[in-house]
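Written below as structure tokens is the structure these notes are about.
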Amino acid sequence: MSDRQQRHQRAMQKLKTHVDEKVAAATEQRGLILVFTGNGKGKTTAAWGTVTRALGYGYRVGVIQFIKGLWECGERERLIEDPNLEVHVMATGFTWETQNRASDTAACLEVWREAERLLADPEVYLVVLDEITYMLKFGYLDIDSVQRAIAERPPEQSVIVTGRNAHRALIDMADTVTEMNDVKHAFDAGIQARRGIDY
Ligand code: ATP
Ligand code: MG
């Protein structure tokens, strides 16, 4: 075996020992709180990817979309055929263009009631609160209610929160926090959002 091969083998052995130790140390089993935040693309995509993963094992999943944005959403159209998936979209057609404080707050609270029901249901394995960070930022929803509902959820249930500028309290209580970093985005180069890629 060459020096190079030997070095590689030693490095791999060391890595394996390290991973084995970590696997042995991870003994706790419970539902998780995940936050996908940051300015880069991929937060909602990652959430739907996890939804697909959970549905793949036959688990029940609830998704709340707090910002409708583009009404079209390819993943939802496909996955909605699964009887284990429940999706609620905020009713007003809230977009960045049509902000009306009174009607947006009412619509937000209406869909939040569905979120609270899902967060209290031990049969639901995963709940996604997509773009909820904006509801907190605009004050349509108060952080205490959100914190309480998430903290008091059934122990086997996992929750995903997505959106930019996640509230500090959500980051603190989360088990896994990923910040999507905006290195570059096609939109800034004048390229339109792409069907099947961006929505
Ligand atoms: P995606 O839904 O693609 O995973 P996201 O959830 O991370 O994106 P949002 O802030 O929710 O990002 O934005 C939704 C839409 O805006 C998507 O069409 C996405 O491609 C686009 N987008 C995301 N990040 C950026 C960015 N940095 N600049 C411009 N457009 C973006
Ligand atoms: Mg998003």
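Here's how to read the names in the structure tokens: chain A, B, ... by the order shown, residue numbers from 1 in each chain, ligand numbers from 1 in the order shown.
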**Item:** Residues within 9 Å of ligand 1, counting only C-alpha atoms and all ligand atoms, as an MDAnalysis selection string
**Value:** chainID A and resid 36:48 67 69:70 73 130:131 162:164 180:188 193:195 197:199
**Request:** Taking the DSSP assignment computed from this structure's backbone, write out as a PyMOL selection string all residues of stretch 144-196 of chain A that belong to strand (DSSP E).
**Result:** chain A and resi 158-162+176-179
**Asked** From the set A:Lys22, A:Lys16, A:Arg101, A:Arg60, which residue has the shortest atom-to-atom contact distance to A:Glu156, counting only C-alpha atoms?
**Response** A:Arg60
**Message:** According to DSSP computed on the backbone, where in chain A is there helix (DSSP H, G or I)? Give the residues as an MDAnalysis selection string.
**Reply:** chainID A and resid 3:25 43:56 74:79 101:119 132:137 143:151 168:173 186:189
**Asked** Between atom CA of A:Tyr125 and atom CA of A:Gln147, what is the spacing in Å?
**Response** 18.3 Å
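Across the structure, atom CA of A:Asp144 and atom CA of A:Ile132 are spaced 13.5 Å apart.
For the atom pair formed by atom CA of A:Arg30 and atom CA of A:Trp112, the distance is 23.9 Å, given to one decimal.
Within 8 Å of A:Leu55, once only C-alpha atoms are used and residues closer than 4 positions along the same chain are dropped, the contacting residues are Val51, Tyr59, Arg60, Val61, Asp82, Asn84 and Leu85 of chain A.
Checking A:Leu136, A:Leu79, A:Ala174, A:Leu129 one by one against ligand 2, counting only C-alpha atoms and all ligand atoms, you find the shortest gap at A:Leu129.
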Just want the 12 Å neighbourhood of A:Ser158, counted on only C-alpha atoms, with same-chain residues fewer than 3 positions away dropped. Output as a PDB file with N, CA, C and O atoms, in the first residue's frame.
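And here's out34.pdb as it stands now:
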```
ATOM      1  N   GLN A  29     -34.388   9.723  22.487  1.00  0.00           N
ATOM      2  CA  GLN A  29     -35.318   9.642  21.356  1.00  0.00           C
ATOM      3  C   GLN A  29     -36.532  10.485  21.645  1.00  0.00           C
ATOM      4  O   GLN A  29     -37.261  10.228  22.597  1.00  0.00           O
ATOM      5  N   ARG A  30     -36.766  11.498  20.829  1.00  0.00           N
ATOM      6  CA  ARG A  30     -37.954  12.335  20.978  1.00  0.00           C
ATOM      7  C   ARG A  30     -38.134  13.184  19.737  1.00  0.00           C
ATOM      8  O   ARG A  30     -37.253  13.242  18.883  1.00  0.00           O
ATOM      9  N   GLY A  31     -39.292  13.814  19.644  1.00  0.00           N
ATOM     10  CA  GLY A  31     -39.536  14.718  18.531  1.00  0.00           C
ATOM     11  C   GLY A  31     -38.629  15.929  18.610  1.00  0.00           C
ATOM     12  O   GLY A  31     -38.159  16.288  19.693  1.00  0.00           O
ATOM     13  N   LEU A  32     -38.387  16.562  17.463  1.00  0.00           N
ATOM     14  CA  LEU A  32     -37.414  17.664  17.394  1.00  0.00           C
ATOM     15  C   LEU A  32     -38.071  18.985  17.010  1.00  0.00           C
ATOM     16  O   LEU A  32     -39.137  19.008  16.391  1.00  0.00           O
ATOM     17  N   ILE A  33     -37.387  20.048  17.344  1.00  0.00           N
ATOM     18  CA  ILE A  33     -37.749  21.372  16.834  1.00  0.00           C
ATOM     19  C   ILE A  33     -36.648  21.783  15.866  1.00  0.00           C
ATOM     20  O   ILE A  33     -35.476  21.815  16.249  1.00  0.00           O
ATOM     21  N   LEU A  34     -37.024  22.045  14.621  1.00  0.00           N
ATOM     22  CA  LEU A  34     -36.041  22.456  13.612  1.00  0.00           C
ATOM     23  C   LEU A  34     -36.402  23.838  13.097  1.00  0.00           C
ATOM     24  O   LEU A  34     -37.571  24.132  12.847  1.00  0.00           O
ATOM     25  N   VAL A  35     -35.395  24.670  12.935  1.00  0.00           N
ATOM     26  CA  VAL A  35     -35.602  26.008  12.380  1.00  0.00           C
ATOM     27  C   VAL A  35     -34.755  26.144  11.119  1.00  0.00           C
ATOM     28  O   VAL A  35     -33.551  25.910  11.153  1.00  0.00           O
ATOM     29  N   ALA A  47     -38.120  22.026   4.091  1.00  0.00           N
ATOM     30  CA  ALA A  47     -39.271  21.615   4.899  1.00  0.00           C
ATOM     31  C   ALA A  47     -40.104  20.578   4.137  1.00  0.00           C
ATOM     32  O   ALA A  47     -40.466  19.529   4.692  1.00  0.00           O
ATOM     33  N   THR A  50     -38.509  17.225   4.048  1.00  0.00           N
ATOM     34  CA  THR A  50     -38.699  16.477   5.289  1.00  0.00           C
ATOM     35  C   THR A  50     -40.128  15.930   5.376  1.00  0.00           C
ATOM     36  O   THR A  50     -40.341  14.814   5.865  1.00  0.00           O
ATOM     37  N   VAL A  51     -41.088  16.714   4.878  1.00  0.00           N
ATOM     38  CA  VAL A  51     -42.481  16.240   4.825  1.00  0.00           C
ATOM     39  C   VAL A  51     -42.543  14.956   3.996  1.00  0.00           C
ATOM     40  O   VAL A  51     -43.152  13.958   4.402  1.00  0.00           O
ATOM     41  N   ALA A  54     -41.147  12.025   5.953  1.00  0.00           N
ATOM     42  CA  ALA A  54     -42.047  11.515   6.992  1.00  0.00           C
ATOM     43  C   ALA A  54     -43.224  10.758   6.370  1.00  0.00           C
ATOM     44  O   ALA A  54     -43.602   9.678   6.842  1.00  0.00           O
ATOM     45  N   TYR A  59     -46.220   8.337   8.185  1.00  0.00           N
ATOM     46  CA  TYR A  59     -46.581   9.200   9.317  1.00  0.00           C
ATOM     47  C   TYR A  59     -47.568  10.280   8.886  1.00  0.00           C
ATOM     48  O   TYR A  59     -47.591  10.671   7.718  1.00  0.00           O
ATOM     49  N   ARG A  60     -48.312  10.791   9.854  1.00  0.00           N
ATOM     50  CA  ARG A  60     -49.223  11.905   9.567  1.00  0.00           C
ATOM     51  C   ARG A  60     -48.485  13.232   9.682  1.00  0.00           C
ATOM     52  O   ARG A  60     -47.674  13.428  10.597  1.00  0.00           O
ATOM     53  N   VAL A  61     -48.757  14.136   8.727  1.00  0.00           N
ATOM     54  CA  VAL A  61     -48.035  15.409   8.657  1.00  0.00           C
ATOM     55  C   VAL A  61     -49.025  16.560   8.436  1.00  0.00           C
ATOM     56  O   VAL A  61     -49.979  16.425   7.668  1.00  0.00           O
ATOM     57  N   GLY A  62     -48.789  17.667   9.126  1.00  0.00           N
ATOM     58  CA  GLY A  62     -49.593  18.872   8.921  1.00  0.00           C
ATOM     59  C   GLY A  62     -48.694  20.019   8.483  1.00  0.00           C
ATOM     60  O   GLY A  62     -47.626  20.235   9.064  1.00  0.00           O
ATOM     61  N   VAL A  63     -49.099  20.741   7.440  1.00  0.00           N
ATOM     62  CA  VAL A  63     -48.328  21.893   6.974  1.00  0.00           C
ATOM     63  C   VAL A  63     -49.224  23.123   7.026  1.00  0.00           C
ATOM     64  O   VAL A  63     -50.349  23.102   6.521  1.00  0.00           O
ATOM     65  N   LEU A 118     -53.114  20.901  15.397  1.00  0.00           N
ATOM     66  CA  LEU A 118     -52.121  19.915  14.945  1.00  0.00           C
ATOM     67  C   LEU A 118     -51.033  19.714  16.006  1.00  0.00           C
ATOM     68  O   LEU A 118     -50.590  18.589  16.254  1.00  0.00           O
ATOM     69  N   LEU A 119     -50.607  20.833  16.627  1.00  0.00           N
ATOM     70  CA  LEU A 119     -49.535  20.774  17.636  1.00  0.00           C
ATOM     71  C   LEU A 119     -49.991  20.082  18.925  1.00  0.00           C
ATOM     72  O   LEU A 119     -49.175  19.794  19.794  1.00  0.00           O
ATOM     73  N   ALA A 120     -51.298  19.837  19.049  1.00  0.00           N
ATOM     74  CA  ALA A 120     -51.808  19.170  20.243  1.00  0.00           C
ATOM     75  C   ALA A 120     -52.191  17.717  19.953  1.00  0.00           C
ATOM     76  O   ALA A 120     -52.604  16.986  20.852  1.00  0.00           O
ATOM     77  N   ASP A 121     -52.040  17.301  18.701  1.00  0.00           N
ATOM     78  CA  ASP A 121     -52.515  15.978  18.287  1.00  0.00           C
ATOM     79  C   ASP A 121     -51.366  14.959  18.271  1.00  0.00           C
ATOM     80  O   ASP A 121     -50.484  15.019  17.411  1.00  0.00           O
ATOM     81  N   PRO A 122     -51.375  14.008  19.196  1.00  0.00           N
ATOM     82  CA  PRO A 122     -50.276  13.038  19.269  1.00  0.00           C
ATOM     83  C   PRO A 122     -50.194  12.114  18.046  1.00  0.00           C
ATOM     84  O   PRO A 122     -49.179  11.445  17.846  1.00  0.00           O
ATOM     85  N   GLU A 123     -51.249  12.087  17.231  1.00  0.00           N
ATOM     86  CA  GLU A 123     -51.223  11.263  16.009  1.00  0.00           C
ATOM     87  C   GLU A 123     -50.422  11.933  14.899  1.00  0.00           C
ATOM     88  O   GLU A 123     -50.092  11.304  13.897  1.00  0.00           O
ATOM     89  N   VAL A 124     -50.150  13.233  15.065  1.00  0.00           N
ATOM     90  CA  VAL A 124     -49.421  13.973  14.022  1.00  0.00           C
ATOM     91  C   VAL A 124     -47.923  13.935  14.339  1.00  0.00           C
ATOM     92  O   VAL A 124     -47.490  14.385  15.392  1.00  0.00           O
ATOM     93  N   TYR A 125     -47.156  13.400  13.405  1.00  0.00           N
ATOM     94  CA  TYR A 125     -45.731  13.147  13.616  1.00  0.00           C
ATOM     95  C   TYR A 125     -44.879  14.376  13.341  1.00  0.00           C
ATOM     96  O   TYR A 125     -43.857  14.590  13.968  1.00  0.00           O
ATOM     97  N   LEU A 126     -45.340  15.181  12.364  1.00  0.00           N
ATOM     98  CA  LEU A 126     -44.565  16.357  11.953  1.00  0.00           C
ATOM     99  C   LEU A 126     -45.503  17.514  11.617  1.00  0.00           C
ATOM    100  O   LEU A 126     -46.497  17.326  10.906  1.00  0.00           O
ATOM    101  N   VAL A 127     -45.173  18.692  12.153  1.00  0.00           N
ATOM    102  CA  VAL A 127     -45.935  19.907  11.829  1.00  0.00           C
ATOM    103  C   VAL A 127     -44.959  20.924  11.231  1.00  0.00           C
ATOM    104  O   VAL A 127     -43.896  21.177  11.805  1.00  0.00           O
ATOM    105  N   VAL A 128     -45.318  21.491  10.077  1.00  0.00           N
ATOM    106  CA  VAL A 128     -44.488  22.526   9.460  1.00  0.00           C
ATOM    107  C   VAL A 128     -45.203  23.872   9.578  1.00  0.00           C
ATOM    108  O   VAL A 128     -46.364  23.995   9.182  1.00  0.00           O
ATOM    109  N   LEU A 129     -44.509  24.846  10.132  1.00  0.00           N
ATOM    110  CA  LEU A 129     -45.029  26.213  10.240  1.00  0.00           C
ATOM    111  C   LEU A 129     -44.231  27.056   9.248  1.00  0.00           C
ATOM    112  O   LEU A 129     -43.222  27.678   9.604  1.00  0.00           O
ATOM    113  N   ILE A 150     -45.616  25.079  20.881  1.00  0.00           N
ATOM    114  CA  ILE A 150     -44.513  24.205  20.453  1.00  0.00           C
ATOM    115  C   ILE A 150     -43.962  23.424  21.657  1.00  0.00           C
ATOM    116  O   ILE A 150     -43.732  22.213  21.579  1.00  0.00           O
ATOM    117  N   ALA A 151     -43.776  24.131  22.778  1.00  0.00           N
ATOM    118  CA  ALA A 151     -43.195  23.486  23.965  1.00  0.00           C
ATOM    119  C   ALA A 151     -44.110  22.388  24.518  1.00  0.00           C
ATOM    120  O   ALA A 151     -43.632  21.362  25.006  1.00  0.00           O
ATOM    121  N   GLU A 152     -45.421  22.596  24.421  1.00  0.00           N
ATOM    122  CA  GLU A 152     -46.356  21.645  25.024  1.00  0.00           C
ATOM    123  C   GLU A 152     -46.838  20.577  24.048  1.00  0.00           C
ATOM    124  O   GLU A 152     -47.748  19.809  24.353  1.00  0.00           O
ATOM    125  N   ARG A 153     -46.250  20.505  22.871  1.00  0.00           N
ATOM    126  CA  ARG A 153     -46.676  19.507  21.875  1.00  0.00           C
ATOM    127  C   ARG A 153     -46.368  18.096  22.385  1.00  0.00           C
ATOM    128  O   ARG A 153     -45.539  17.947  23.300  1.00  0.00           O
ATOM    129  N   PRO A 154     -46.995  17.064  21.801  1.00  0.00           N
ATOM    130  CA  PRO A 154     -46.698  15.687  22.215  1.00  0.00           C
ATOM    131  C   PRO A 154     -45.211  15.379  22.035  1.00  0.00           C
ATOM    132  O   PRO A 154     -44.607  15.843  21.061  1.00  0.00           O
ATOM    133  N   PRO A 155     -44.622  14.620  22.950  1.00  0.00           N
ATOM    134  CA  PRO A 155     -43.160  14.402  22.923  1.00  0.00           C
ATOM    135  C   PRO A 155     -42.627  13.737  21.653  1.00  0.00           C
ATOM    136  O   PRO A 155     -41.475  13.959  21.290  1.00  0.00           O
ATOM    137  N   VAL A 161     -39.957  25.097  11.664  1.00  0.00           N
ATOM    138  CA  VAL A 161     -40.291  26.507  11.506  1.00  0.00           C
ATOM    139  C   VAL A 161     -39.443  27.034  10.357  1.00  0.00           C
ATOM    140  O   VAL A 161     -38.226  26.800  10.334  1.00  0.00           O
ATOM    141  N   ALA A 174     -34.987  25.558  19.827  1.00  0.00           N
ATOM    142  CA  ALA A 174     -34.825  24.555  18.764  1.00  0.00           C
ATOM    143  C   ALA A 174     -33.709  23.563  19.068  1.00  0.00           C
ATOM    144  O   ALA A 174     -32.777  23.862  19.813  1.00  0.00           O
ATOM    145  N   ASP A 175     -33.831  22.367  18.486  1.00  0.00           N
ATOM    146  CA  ASP A 175     -32.760  21.367  18.581  1.00  0.00           C
ATOM    147  C   ASP A 175     -31.800  21.508  17.411  1.00  0.00           C
ATOM    148  O   ASP A 175     -30.611  21.288  17.548  1.00  0.00           O
ATOM    149  N   THR A 176     -32.356  21.836  16.238  1.00  0.00           N
ATOM    150  CA  THR A 176     -31.558  21.952  15.021  1.00  0.00           C
ATOM    151  C   THR A 176     -31.899  23.272  14.351  1.00  0.00           C
ATOM    152  O   THR A 176     -33.071  23.539  14.101  1.00  0.00           O
TER     153      THR A 176
END
```
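Among A:Tyr57, A:Ile160, A:Arg10, A:Ala24, the residue with the shortest atom-to-atom distance to ligand 2, counting only C-alpha atoms and all ligand atoms, is A:Ile160.
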**Request:** Can you pull out every residue within 9 Å of stretch 105-111 of chain A, counting only C-alpha atoms, but drop anything in the same chain fewer than 3 positions away, and send it as an MDAnalysis selection string?
**Result:** chainID A and resid 64:66 88:92 94 100:102 114:116 135 139:141
Write out the residues from the selection above, keeping N, CA and C atoms, as a tab-separated table (two decimals), in the first residue's frame.
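Contents of again-v7.tsv, as written:
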```tsv
chain	number	residue	atom	x	y	z
A	64	ILE	N	-48.73	24.18	7.64
A	64	ILE	CA	-49.43	25.46	7.64
A	64	ILE	C	-48.57	26.43	6.84
A	65	GLN	N	-49.14	27.00	5.79
A	65	GLN	CA	-48.42	28.00	4.98
A	65	GLN	C	-48.93	29.38	5.35
A	66	PHE	N	-48.09	30.14	6.05
A	66	PHE	CA	-48.51	31.44	6.54
A	66	PHE	C	-48.44	32.53	5.47
A	88	HIS	N	-52.88	23.61	5.32
A	88	HIS	CA	-53.72	24.80	5.49
A	88	HIS	C	-52.94	26.01	5.00
A	89	VAL	N	-53.57	26.78	4.13
A	89	VAL	CA	-52.93	27.98	3.59
A	89	VAL	C	-53.68	29.19	4.11
A	90	MET	N	-52.93	30.17	4.59
A	90	MET	CA	-53.54	31.39	5.12
A	90	MET	C	-54.49	32.02	4.09
A	91	ALA	N	-55.69	32.36	4.56
A	91	ALA	CA	-56.80	32.58	3.65
A	91	ALA	C	-56.80	33.87	2.83
A	92	THR	N	-56.24	34.94	3.33
A	92	THR	CA	-56.43	36.22	2.64
A	92	THR	C	-55.73	36.33	1.31
A	94	PHE	N	-52.53	36.61	1.49
A	94	PHE	CA	-51.47	37.49	1.95
A	94	PHE	C	-50.29	37.42	0.99
A	100	ASN	N	-52.72	44.18	4.68
A	100	ASN	CA	-53.79	44.89	5.38
A	100	ASN	C	-53.82	44.33	6.78
A	101	ARG	N	-53.45	45.16	7.74
A	101	ARG	CA	-53.19	44.69	9.08
A	101	ARG	C	-54.36	43.91	9.70
A	102	ALA	N	-55.57	44.48	9.61
A	102	ALA	CA	-56.72	43.86	10.27
A	102	ALA	C	-57.06	42.51	9.63
A	114	GLU	N	-55.62	26.17	13.45
A	114	GLU	CA	-55.36	24.85	12.85
A	114	GLU	C	-53.99	24.34	13.31
A	115	ALA	N	-53.02	25.27	13.36
A	115	ALA	CA	-51.67	24.89	13.82
A	115	ALA	C	-51.73	24.39	15.26
A	116	GLU	N	-52.47	25.10	16.10
A	116	GLU	CA	-52.58	24.71	17.51
A	116	GLU	C	-53.21	23.32	17.64
A	135	MET	N	-45.02	36.31	10.61
A	135	MET	CA	-46.23	36.59	11.41
A	135	MET	C	-45.83	37.18	12.76
A	139	GLY	N	-46.16	41.09	14.09
A	139	GLY	CA	-47.02	41.18	15.27
A	139	GLY	C	-48.42	40.64	15.04
A	140	TYR	N	-48.62	39.84	14.01
A	140	TYR	CA	-49.93	39.22	13.77
A	140	TYR	C	-50.16	38.09	14.77
A	141	LEU	N	-49.06	37.57	15.28
A	141	LEU	CA	-49.08	36.42	16.18
A	141	LEU	C	-48.10	36.73	17.30
```
